[in-house]
Each structure stands twice: as C-alpha cells, then as structure tokens.
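Accompanying notes for the structure given below.
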Amino acid sequence: MTTVAAYAAPSAKAPLERTTIERREVREFDVLIDIKFAGICHSDIHQAREGWGEATFPMVPGHEIAGVVEAVGSGVTKFAVGDHVGVGCMVDSCRECENCVAGLEQYCTGGGMIGTYNAVDKNGEPTYGGYSQKIVVDENYTVRIPDGLALDVAAPLLCAGITTYSPLKHWNAGPGKKVAILGMGGLGHMGVKIAHALGAEVTVLSQSLRKREDGLKLGAAHYYATSDEATFKELRGTFDIILSTVSAPLNLDAYLSLLKTDGAFVNVGAPEEPVALNLFSVIAGRKTLAGSGIGGIQETQEMLDFCAEHGLGSEIELISASEINEAYERVLASDVRYRFVIDTATI
C-alpha cells in the first residue's frame with residue numbers, strides 16, 4: 001500500500017479537508033498514475049452532500065482525472081511510464097455481461113460499474129477519486145490522452161466530455177440536425193463545442209442571456225433565454241435533439257413541445273428531486289424522453305481522439321486544493337466558466 005495526500009469529505013455535507021489515503025500496490029495489470037489535474041463535477045457535490053442518496057465516507061471525490069503514468073504492472077501492454085492518461089467515472093465492471101462485452105461498461109448488468117469514488121471494489125475496499133496525488137487503476141479502465149490535448153483542459157473531458165459526446169453520437173447529431181443544449185455550464189459548454197464539431201446547427205437554451213457571447217463563440221448559432229415565455233412560442237417544434245445538462249427539476253412538457261416529430265429530449269443532468277410529466281407530451285409527435293450515462297471505455301477514447309482532432313478542450317478555471325470548498329459553493333451559484341480544475345500539485 002502507498003500513502004498519498006488527498007482532499008476528502010469526512011461526512012455528508014462537511015467541508016472537504018486534507019487527509020491521507022492508502023492506494024493499493026500495483027498489480028499485474030495496474031497502472032500507477034501521478035495525478036496532475038482533477039476536474040470538479042457537479043456530481044461530486046451531489047455525492048459529497050448525499051443529494052443522490054446515502055453515500056460512503058470519508059469520500060475523496062473526483063472522476064475527471066488527468067495525469068502521467070508513473071509505474072505499470074508486469075502484464076500491462078497498453079501503457080508505458082511517461083504516458084499521458086485519464087480516468088473517468090468508473091474503474092471496473094463485471095467485464096462479462098452483454099453490455100460490458102459490447103463496450104457499454106457504464107451500463108454493466110453484472111453488478112454495475114464500479115465508480116471511481118463512493119463505491120466498493122471487487123476486493124471490498126472503498127474507491128477514492130481524483131482529489132488526490134496518485135491513483136492505481138486497471139489498464140482496461142484507463143484511457144490515453146492524445147498529445148494534442150493539454151492535461152488541464154483534458155481532465156473535464158473524462159466526464160463532461162464523454163457525458164455529452166455519447167448521447168450526441170447515439171442520437172445522430174450532425175449535418176442537417178438541429179440540436180439544443182439546455183444549460184450552459186460545465187457539461188453544456190462541452191455539448192455546444194462537440195455538437196458544433198459534429199456538424200449540427202446548435203442552439204443554447206439558458207435561463208438568461210448572460211453567457212450568450214460565450215455560447216456563440218463556442219459554436220452555437222442561436223442563444224435563447226428560457227426565462228422568456230416567448231422562447232417557447234418561437235421555438236415550438238424546432239429541434240431534433242435537446243440535450244439537457246440541467247440538474248434541477250424542469251417543466252418537461254414545455255421543453256418537449258420544442259421537439260420536432262420523432263425528436264428526442266435526452267437527460268444527462270440528474271436532478272435530486274422527481275419530475276412530473278404529462279404523457280401526451282411524448283405521445284403527440286412520437287417523441288422520445290431519454291437519458292444517457294457517460295460512455296464506455298472505447299467510446300471515451302474515441303471522444304478524446306475526436307476532441308484532440310478538433311482542438312476541443314474544456315474552458316477551465318485552475319484552482320488550488322485549498323479552494324475546493326469555495327469552488328463547490330461557486331458551482332452551486334453558477335459562478336464558473338466553465339469547469340473548475342484542481343492543480344493536484346497543491347494537495
């Protein structure tokens with residue numbers, strides 16, 4: 001076991017504090033990663049504050065991890081010391097179920113994917129995430145960060161990037177498609193960049209026009225305020241796909257009215273509260289109300305390669321580890337453009 005410094009929430013809703021954790025010894029197929037940067041995802045806050053239900057403490061959040069390979073196990077063939085690598089939202093799965101075999105490890109039915117943190121691994125040990133100096137991960141759940149991507153702007157791609165890329169690809173965002181990105185935050189801004197790079201006509205739907213200039217600069221052709229009732233009248237029946245990155249309850253019926261016939265409203269934001277729906281909103285127009293969770297390992301690698309090819313990194317604000325608690329409050333206040341990234345050298 002190796003002792004490393006980390007930032008952890010000692011209990012639900014408690015401020016994160018500096019501590020030490022144990023990382024396992026490098027096994028045959030393991031990669032030891034010297035973490036350089038870790039993104040702060042809204043999911044970290046949901047879990048550290050038990051917004052999504054009971055959690056395990058102490059908790060070291062962080063599933064947007066970018067770093068450098070420091071050591072490899074004797075059986076590792078995919079990576080070598082010095083490689084730039086990333087770790088996303090999972091560190092293992094059953095590897096045998098239909099979904100795992102199909103490259104959909106995020107939907108593992110053989111016990112579920114093992115989260116990078118707030119989970120228990122196959123040896124019964126708790127998993128600890130990226131707000132730490134180092135992590136040990138099986139090579140099959142590690143991805144390569146292409147040379148064209150700087151590690152700091154690449155870190156958020158391991159969640160925000162793949163969480164938007166996967167549904168946009170699945171619902172065929174591309175030339176001739178009108179795509180709306182609902183919410184212009186950590187996920188939303190990557191959704192705009194990726195949908196634009198895929199060739200779609202992109203519209204941002206945001207509560208206000210405060211970030212309009214940013215949205216247009218990142219690739220949106222149009223930008224509307226959802227606080228304006230006229231938006232829903234003007235855009236009725238417009239979109240092929242609406243990708244919702246919002247983690248607060250929405251008036252789903254209102255947003256479903258903005259879809260074309262056979263359009264899809266896809267949720268990647270996960271509100272803590274249930275939402276209501278009038279089923280006529282999907283019956284009329286043969287519309288789809290769907291959800292999507294991250295992506296498999298192969299698709300995550302595909303996303304990183306795509307982002308490198310198109311020069312897409314996250315828009316970040318680099319912070320020191322001592323600023324994590326302040327950053328959490330600023331995320332909740334929508335006061336970040338657009339992703340906080342921890343310089344783990346400050347841990």
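Order determines the names: the first chain of the structure tokens is A, the second B, and so forth; residues in each chain are numbered 1 upward, and ligands are numbered 1 upward as they are shown.
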Going by DSSP on the backbone, which bits of segment 122-289 of chain A are alpha helix (DSSP H)? Write them as a PyMOL selection string, please.
chain A and resi 151-154+160-170+186-197+212-218+229-234+252-256+280-283
Could you give me, as an mmCIF file with C-alpha atoms, in the first residue's frame, the residues within 12 Å of Met113 of chain A, counting only C-alpha atoms and dropping anything in the same chain fewer than 5 positions from it?
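Saved the output as selection-v2.cif:
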```cif
data_model
loop_
_atom_site.group_PDB
_atom_site.id
_atom_site.type_symbol
_atom_site.label_atom_id
_atom_site.label_comp_id
_atom_site.auth_asym_id
_atom_site.auth_seq_id
_atom_site.Cartn_x
_atom_site.Cartn_y
_atom_site.Cartn_z
ATOM 1 C CA GLY A 88 -13.237 8.856 -15.803
ATOM 2 C CA CYS A 89 -16.271 7.831 -13.795
ATOM 3 C CA MET A 90 -15.525 4.107 -13.445
ATOM 4 C CA VAL A 91 -12.565 1.956 -12.521
ATOM 5 C CA ASP A 92 -14.034 -1.518 -13.127
ATOM 6 C CA SER A 93 -17.131 -3.523 -14.080
ATOM 7 C CA CYS A 94 -18.026 -7.207 -14.315
ATOM 8 C CA ARG A 95 -16.425 -7.456 -17.803
ATOM 9 C CA GLU A 96 -18.644 -10.420 -18.673
ATOM 10 C CA CYS A 97 -22.238 -9.222 -19.126
ATOM 11 C CA ASN A 99 -23.167 -4.657 -22.020
ATOM 12 C CA CYS A 100 -19.561 -4.961 -20.872
ATOM 13 C CA LEU A 104 -21.058 -0.372 -22.685
ATOM 14 C CA GLU A 105 -19.376 -0.892 -19.326
ATOM 15 C CA GLN A 106 -21.243 2.098 -17.900
ATOM 16 C CA TYR A 107 -24.427 0.014 -18.131
ATOM 17 C CA CYS A 108 -22.912 -3.142 -16.626
ATOM 18 C CA ASN A 118 -18.039 6.410 -3.424
ATOM 19 C CA ALA A 119 -18.040 2.738 -4.394
ATOM 20 C CA VAL A 120 -16.574 -0.576 -3.282
ATOM 21 C CA ASP A 121 -14.168 -2.504 -5.488
ATOM 22 C CA LYS A 122 -14.118 -6.267 -6.076
ATOM 23 C CA TYR A 141 -10.246 1.306 -17.388
ATOM 24 C CA GLY A 293 -24.900 7.972 -18.684
ATOM 25 C CA ILE A 294 -21.255 8.727 -19.523
ATOM 26 C CA GLY A 295 -19.823 6.290 -22.108
ATOM 27 C CA GLY A 296 -17.867 3.074 -22.321
ATOM 28 C CA ILE A 297 -14.082 2.945 -22.260
#
```
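What separates atom CA of Glu326 of chain A from atom CA of His63 of chain A is a distance of 18.9 Å.
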Please provide the set of residues having any atom within 9 Å of His84 of chain A, restricted to only C-alpha atoms, with same-chain residues fewer than 5 positions apart removed, written as a PyMOL selection string.
chain A and resi 66-69+143-147+151
Next, write the just-selected residues to a file, as a PDB file, in the first residue's frame, keeping N, CA, C and O atoms as the atom set.
```
ATOM      1  N   ALA A  66      -6.632  13.522 -14.932  1.00  0.00           N
ATOM      2  CA  ALA A  66      -5.605  13.526 -15.975  1.00  0.00           C
ATOM      3  C   ALA A  66      -4.237  13.489 -15.305  1.00  0.00           C
ATOM      4  O   ALA A  66      -3.984  14.226 -14.349  1.00  0.00           O
ATOM      5  N   GLY A  67      -3.376  12.612 -15.806  1.00  0.00           N
ATOM      6  CA  GLY A  67      -2.067  12.501 -15.186  1.00  0.00           C
ATOM      7  C   GLY A  67      -1.061  11.786 -16.061  1.00  0.00           C
ATOM      8  O   GLY A  67      -1.263  11.615 -17.262  1.00  0.00           O
ATOM      9  N   VAL A  68       0.009  11.367 -15.422  1.00  0.00           N
ATOM     10  CA  VAL A  68       1.132  10.741 -16.120  1.00  0.00           C
ATOM     11  C   VAL A  68       1.412   9.388 -15.491  1.00  0.00           C
ATOM     12  O   VAL A  68       1.430   9.258 -14.256  1.00  0.00           O
ATOM     13  N   VAL A  69       1.642   8.375 -16.317  1.00  0.00           N
ATOM     14  CA  VAL A  69       1.925   7.033 -15.811  1.00  0.00           C
ATOM     15  C   VAL A  69       3.276   7.037 -15.102  1.00  0.00           C
ATOM     16  O   VAL A  69       4.295   7.422 -15.668  1.00  0.00           O
ATOM     17  N   VAL A 143      -7.566   5.488 -20.024  1.00  0.00           N
ATOM     18  CA  VAL A 143      -7.566   5.919 -21.422  1.00  0.00           C
ATOM     19  C   VAL A 143      -6.360   6.814 -21.687  1.00  0.00           C
ATOM     20  O   VAL A 143      -5.793   7.410 -20.775  1.00  0.00           O
ATOM     21  N   ARG A 144      -5.994   6.882 -22.960  1.00  0.00           N
ATOM     22  CA  ARG A 144      -4.834   7.680 -23.360  1.00  0.00           C
ATOM     23  C   ARG A 144      -5.289   9.090 -23.723  1.00  0.00           C
ATOM     24  O   ARG A 144      -6.248   9.264 -24.480  1.00  0.00           O
ATOM     25  N   ILE A 145      -4.593  10.084 -23.201  1.00  0.00           N
ATOM     26  CA  ILE A 145      -4.860  11.468 -23.564  1.00  0.00           C
ATOM     27  C   ILE A 145      -3.921  11.837 -24.714  1.00  0.00           C
ATOM     28  O   ILE A 145      -2.704  11.800 -24.556  1.00  0.00           O
ATOM     29  N   PRO A 146      -4.479  12.152 -25.879  1.00  0.00           N
ATOM     30  CA  PRO A 146      -3.646  12.436 -27.050  1.00  0.00           C
ATOM     31  C   PRO A 146      -2.710  13.624 -26.823  1.00  0.00           C
ATOM     32  O   PRO A 146      -2.997  14.523 -26.007  1.00  0.00           O
ATOM     33  N   ASP A 147      -1.617  13.645 -27.557  1.00  0.00           N
ATOM     34  CA  ASP A 147      -0.616  14.696 -27.415  1.00  0.00           C
ATOM     35  C   ASP A 147      -1.204  16.084 -27.660  1.00  0.00           C
ATOM     36  O   ASP A 147      -0.731  17.066 -27.103  1.00  0.00           O
ATOM     37  N   LEU A 151      -3.142  18.550 -20.445  1.00  0.00           N
ATOM     38  CA  LEU A 151      -3.762  17.765 -19.377  1.00  0.00           C
ATOM     39  C   LEU A 151      -4.797  18.556 -18.579  1.00  0.00           C
ATOM     40  O   LEU A 151      -5.809  17.993 -18.144  1.00  0.00           O
TER      41      LEU A 151
END
```
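Coordinates place atom CA of His222 of chain A at a distance of 13.0 Å from atom CA of Ala195 of chain A.
Compared by their closest atoms to Ile342 of chain A, and using only C-alpha atoms, the residues A:Asn123, A:Gln207, A:Ser132, A:Asn172 rank with A:Ser132 nearest.
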For the strand (DSSP E) assignment from backbone DSSP, which residues of segment 35-177 of chain A qualify? Please present them as number ranges by chain.
A: 35-39, 65-72, 84-87, 90-92, 114-115, 134-138, 143-144
Emit the selected residues as an mmCIF file, in the first residue's frame, including N, CA, C and O atoms.
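Result written to part-v9.cif:
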```cif
data_model
loop_
_atom_site.group_PDB
_atom_site.id
_atom_site.type_symbol
_atom_site.label_atom_id
_atom_site.label_comp_id
_atom_site.auth_asym_id
_atom_site.auth_seq_id
_atom_site.Cartn_x
_atom_site.Cartn_y
_atom_site.Cartn_z
ATOM 1 N N ILE A 35 -1.364 11.884 -10.576
ATOM 2 C CA ILE A 35 -2.438 12.793 -10.992
ATOM 3 C C ILE A 35 -1.905 14.218 -11.065
ATOM 4 O O ILE A 35 -1.288 14.713 -10.125
ATOM 5 N N LYS A 36 -2.150 14.859 -12.191
ATOM 6 C CA LYS A 36 -1.728 16.251 -12.373
ATOM 7 C C LYS A 36 -2.899 17.220 -12.200
ATOM 8 O O LYS A 36 -2.739 18.302 -11.637
ATOM 9 N N PHE A 37 -4.073 16.824 -12.704
ATOM 10 C CA PHE A 37 -5.244 17.696 -12.649
ATOM 11 C C PHE A 37 -6.497 16.864 -12.409
ATOM 12 O O PHE A 37 -6.603 15.749 -12.901
ATOM 13 N N ALA A 38 -7.435 17.449 -11.657
ATOM 14 C CA ALA A 38 -8.714 16.781 -11.396
ATOM 15 C C ALA A 38 -9.832 17.807 -11.509
ATOM 16 O O ALA A 38 -9.807 18.847 -10.829
ATOM 17 N N GLY A 39 -10.798 17.541 -12.376
ATOM 18 C CA GLY A 39 -11.926 18.442 -12.535
ATOM 19 C C GLY A 39 -12.921 18.297 -11.396
ATOM 20 O O GLY A 39 -13.025 17.246 -10.761
ATOM 21 N N ILE A 65 -9.969 12.824 -14.184
ATOM 22 C CA ILE A 65 -8.576 12.681 -13.759
ATOM 23 C C ILE A 65 -7.640 12.657 -14.960
ATOM 24 O O ILE A 65 -7.832 11.868 -15.889
ATOM 25 N N ALA A 66 -6.632 13.522 -14.932
ATOM 26 C CA ALA A 66 -5.605 13.526 -15.975
ATOM 27 C C ALA A 66 -4.237 13.489 -15.305
ATOM 28 O O ALA A 66 -3.984 14.226 -14.349
ATOM 29 N N GLY A 67 -3.376 12.612 -15.806
ATOM 30 C CA GLY A 67 -2.067 12.501 -15.186
ATOM 31 C C GLY A 67 -1.061 11.786 -16.061
ATOM 32 O O GLY A 67 -1.263 11.615 -17.262
ATOM 33 N N VAL A 68 0.009 11.367 -15.422
ATOM 34 C CA VAL A 68 1.132 10.741 -16.120
ATOM 35 C C VAL A 68 1.412 9.388 -15.491
ATOM 36 O O VAL A 68 1.430 9.258 -14.256
ATOM 37 N N VAL A 69 1.642 8.375 -16.317
ATOM 38 C CA VAL A 69 1.925 7.033 -15.811
ATOM 39 C C VAL A 69 3.276 7.037 -15.102
ATOM 40 O O VAL A 69 4.295 7.422 -15.668
ATOM 41 N N GLU A 70 3.249 6.574 -13.843
ATOM 42 C CA GLU A 70 4.470 6.536 -13.030
ATOM 43 C C GLU A 70 5.046 5.125 -12.955
ATOM 44 O O GLU A 70 6.258 4.936 -12.828
ATOM 45 N N ALA A 71 4.173 4.121 -13.019
ATOM 46 C CA ALA A 71 4.628 2.725 -12.980
ATOM 47 C C ALA A 71 3.543 1.847 -13.581
ATOM 48 O O ALA A 71 2.362 2.227 -13.600
ATOM 49 N N VAL A 72 3.944 0.688 -14.094
ATOM 50 C CA VAL A 72 2.978 -0.256 -14.664
ATOM 51 C C VAL A 72 3.258 -1.654 -14.135
ATOM 52 O O VAL A 72 4.394 -1.992 -13.786
ATOM 53 N N HIS A 84 0.645 10.064 -21.070
ATOM 54 C CA HIS A 84 -0.430 10.913 -20.556
ATOM 55 C C HIS A 84 -1.732 10.111 -20.597
ATOM 56 O O HIS A 84 -2.113 9.610 -21.656
ATOM 57 N N VAL A 85 -2.390 9.995 -19.461
ATOM 58 C CA VAL A 85 -3.567 9.141 -19.369
ATOM 59 C C VAL A 85 -4.669 9.820 -18.579
ATOM 60 O O VAL A 85 -4.449 10.815 -17.880
ATOM 61 N N GLY A 86 -5.876 9.249 -18.691
ATOM 62 C CA GLY A 86 -7.012 9.762 -17.961
ATOM 63 C C GLY A 86 -7.829 8.641 -17.344
ATOM 64 O O GLY A 86 -7.773 7.492 -17.787
ATOM 65 N N VAL A 87 -8.583 9.003 -16.328
ATOM 66 C CA VAL A 87 -9.525 8.084 -15.677
ATOM 67 C C VAL A 87 -10.831 8.849 -15.508
ATOM 68 O O VAL A 87 -10.832 9.994 -15.045
ATOM 69 N N MET A 90 -15.536 5.496 -13.932
ATOM 70 C CA MET A 90 -15.525 4.107 -13.445
ATOM 71 C C MET A 90 -14.112 3.535 -13.492
ATOM 72 O O MET A 90 -13.298 3.929 -14.315
ATOM 73 N N VAL A 91 -13.880 2.604 -12.586
ATOM 74 C CA VAL A 91 -12.565 1.956 -12.521
ATOM 75 C C VAL A 91 -12.659 0.446 -12.696
ATOM 76 O O VAL A 91 -11.637 -0.252 -12.685
ATOM 77 N N ASP A 92 -13.875 -0.081 -12.887
ATOM 78 C CA ASP A 92 -14.034 -1.518 -13.127
ATOM 79 C C ASP A 92 -15.509 -1.789 -13.427
ATOM 80 O O ASP A 92 -16.370 -0.928 -13.251
ATOM 81 N N ILE A 114 -18.168 -0.035 -11.315
ATOM 82 C CA ILE A 114 -17.579 0.370 -10.034
ATOM 83 C C ILE A 114 -17.097 1.804 -10.185
ATOM 84 O O ILE A 114 -16.210 2.099 -10.998
ATOM 85 N N GLY A 115 -17.708 2.701 -9.449
ATOM 86 C CA GLY A 115 -17.380 4.118 -9.560
ATOM 87 C C GLY A 115 -15.973 4.420 -9.094
ATOM 88 O O GLY A 115 -15.403 3.739 -8.233
ATOM 89 N N LYS A 134 -2.163 10.513 -6.302
ATOM 90 C CA LYS A 134 -1.942 9.357 -7.174
ATOM 91 C C LYS A 134 -3.166 8.442 -7.135
ATOM 92 O O LYS A 134 -3.956 8.486 -6.187
ATOM 93 N N ILE A 135 -3.272 7.594 -8.157
ATOM 94 C CA ILE A 135 -4.330 6.593 -8.190
ATOM 95 C C ILE A 135 -3.813 5.363 -8.927
ATOM 96 O O ILE A 135 -2.967 5.485 -9.826
ATOM 97 N N VAL A 136 -4.298 4.198 -8.532
ATOM 98 C CA VAL A 136 -3.934 2.944 -9.198
ATOM 99 C C VAL A 136 -5.192 2.391 -9.858
ATOM 100 O O VAL A 136 -6.211 2.190 -9.201
ATOM 101 N N VAL A 137 -5.107 2.156 -11.170
ATOM 102 C CA VAL A 137 -6.272 1.734 -11.950
ATOM 103 C C VAL A 137 -5.862 0.633 -12.918
ATOM 104 O O VAL A 137 -4.761 0.656 -13.473
ATOM 105 N N ASP A 138 -6.755 -0.321 -13.136
ATOM 106 C CA ASP A 138 -6.530 -1.361 -14.145
ATOM 107 C C ASP A 138 -6.371 -0.708 -15.513
ATOM 108 O O ASP A 138 -7.080 0.235 -15.848
ATOM 109 N N VAL A 143 -7.566 5.488 -20.024
ATOM 110 C CA VAL A 143 -7.566 5.919 -21.422
ATOM 111 C C VAL A 143 -6.360 6.814 -21.687
ATOM 112 O O VAL A 143 -5.793 7.410 -20.775
ATOM 113 N N ARG A 144 -5.994 6.882 -22.960
ATOM 114 C CA ARG A 144 -4.834 7.680 -23.360
ATOM 115 C C ARG A 144 -5.289 9.090 -23.723
ATOM 116 O O ARG A 144 -6.248 9.264 -24.480
#
```
Point out the residue among A:His46, A:Arg18, A:Lys169, A:Arg24 with the least atom-to-atom distance to Glu273 of chain A, counting only C-alpha atoms.
A:His46
